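> Below is a structure I'd like to ask you about.
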Amino acid sequence: MVRWAMAIMIALSVAAASSQSGSQENALPSSEGTAGASAAEALEVMDLDTAQRLAIADNPSLKAAEARVRQARARVKQAQALWYPSIDVTASASNTWLSERSYAGARLQAIQPGWSQFVSTTQTRLEARILSDVAGLLGITVQSQQSLGSGNLNQLIFRDLRDSAISTVYARRSIDDSVEDYRVSLTASWIVFNGFERKFANAEARFGFMETEAAYLEAHRLLLSAVAQAYHAAQLARENVAIAESDIAFNERQLTEAKARLRVGSGSLSDELNFEVRVNASKASVISSRQEYRTALIALAELLALPEAAFPESKQLAPLTAEALNDLQAPDSGVLVALGVRQRPDMLQQELAVKRRKAGIGRNKAPFYPTIVAQASKDASRSSDARFGEDDFGATVGVNVQYNLFAGGGDVARLKEAKAAHAEAEWNAVETELAVASDVRQRVEELKAAQDQLVLQRANAAFVQQNRDLVEHEYAAGEGSLVRLNEAQRDLITAQGNLAFARVNLRQAWHNLRTATAETVSAYTAAPPHITSSKTKAQ
């Protein structure tokens with residue numbers, strides 16, 4: 001109630017002061033230059049909402065985060081592929097050059113049949129020759145002696161020897177020193193059981209994908225906060241330019257009056273020189289303030305991903321709007337803390353990391369189970385040529401069961417590592433929850449301080465404005481001193497600067513609070529369906 005009463009009293013006092021001497025804020029010259037009202041109206045106004053939407057659309061860091069989301073989605077597809085059978089086609093063609101020992105053995109095997117036949121035939125012929133000779137000595141007439149004369153027998157033996165030699169030569173020539181081999185195979189395999197590794201690998205990839213999406217939303221939140229800070233810094237710099245320009249206008253007016261008084265003999269040279277120095281000091285302040293304003297616009301243009309980080313001359317920032325009574329209302333920190341813990345992307349990211357690490361524990365338990373793989377294949381193999389026919393193919397169906405009995409303790413160590421990673425993720429989630437609550441509460445306190453500062457600085461600026469006007473009237477009437485006028489003007493410039501800072505700081509404080517509760521993300525970005533479903537499960 002005290003805050004509301006103070007706000008109403010300050011508003012009434014400001015209105016009264018404005019009716020007497022004119023609102024200083026309305027009297028301030030535009031920081032966009034002095035081209036006139038028509039030129040200012042021709043410029044396109046860029047408010048904070050427009051700037052943030054431009055940043056979301058074109059900022060390169062956000063584009064990089066979006067690419068990381070696509071990478072995570074592809075890893076989910078990779079994990080899902082384990083549920084499907086694998087079909088492979090293999091084909092090979094090889095040419096083997098035989099060693100000298102293998103080549104000699106092949107030649108020996110080739111000539112062995114002809115040589116054996118020759119030896120057998122020759123032995124038979126020789127036995128017949130011996131019988132014929134014995135029969136001749138004994139004077140026995142044998143039919144075979146008439147048909148197998150010694151000359152005919154020699155001719156037969158020679159012919160067999162010739163034929164065997166010819167066949168041996170051709171056999172040796174027909175042996176090649178290289179061997180060609182052709183193989184083709186079509187294999188289908190499917191993992192029947194692998195210790196639930198596929199199930200947990202899919203869960204791990206899925207939670208990793210949602211975790212990356214949460215990081216993508218967190219990048220949105222941080223980017224929106226950075227844009228707001230740059231935007232408000234530029235607005236404050238523009239207000240400082242306007243305040244410095246108003247100081248120039250006041251001192252130039254006083255300088256003109258001092259010169260006029262000096263000409264008529266009612267003034268002094270020291271007064272004229274005083275206002276000359278004050279005008280130059282005000283001009284130096286304008287130069288500095290304009291440099292700060294241009295620098296702030298460059299920083300804002302970088303966040304908006306504008307070409308060459310140059311803020312377009314055809315655009316101008318929106319003016320500071322008048323504060324409403326709702327802007328001075330103190331928020332409920334308890335409600336906002338609960339809201340921040342529930343919807344902050346970094347908090348959701350930690351919760352998904354816990355689930356992903358838990359799935360990693362299940363995946364690392366898979367080596368303690370057997371792996372069963374069913375296989376079916378159709379194979380063919382040929383030598384010398386690759387003209388496969390239907391008769392060359394054979395089929396194989398089987399089941400492969402593999403179970404590791406000992407791996408040096410590596411499987412146990414990996415399981416312990418996964419459990420420790422899960423415990424680390426849980427503690428990180430607790431730490432993040434505390435950090436979110438702390439961030440929200442700090443932003444609430446900063447907002448309350450900004451509200452109090454605005455009420456105080458607005459009242460002070462009204463008092464200082466009224467005091468400066470009184471001192472100026474006294475000096476013009478010859479009743480006040482120059483030193484008092486200089487002091488009153490300096491106080492007014494300081495008070496106006498403090499008021500401008502308080503006004504901008506209040507807007508930034510509200511934005512910081514909405515950033516801490518992630519309300520800015522929900523306002524500019526629709527959460528992906530995976531994030532929404534995961535958030536519901538987390539609740």
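Residues in the structure tokens are numbered from 1 in each chain, the chains being A, B, ... in the order shown, and ligands are numbered from 1 in the order shown.
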What lies within 10 Å of Asp327 in chain A using only C-alpha atoms, ignoring chain neighbours under 5 positions off, as a ChimeraX atom specification?
/A:322,447,451,506-507,510
> Suppose you want the space between CA of Phe193 in chain A and CA of Tyr403 in chain A; what is it in Å?
11.5 Å
> From the list A:Ala376, A:Ala324, A:Leu222, A:Val286, which residue is nearest Asp88 in chain A when using only C-alpha atoms?
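For Asp88 in chain A, the nearest of the candidates is A:Ala376.
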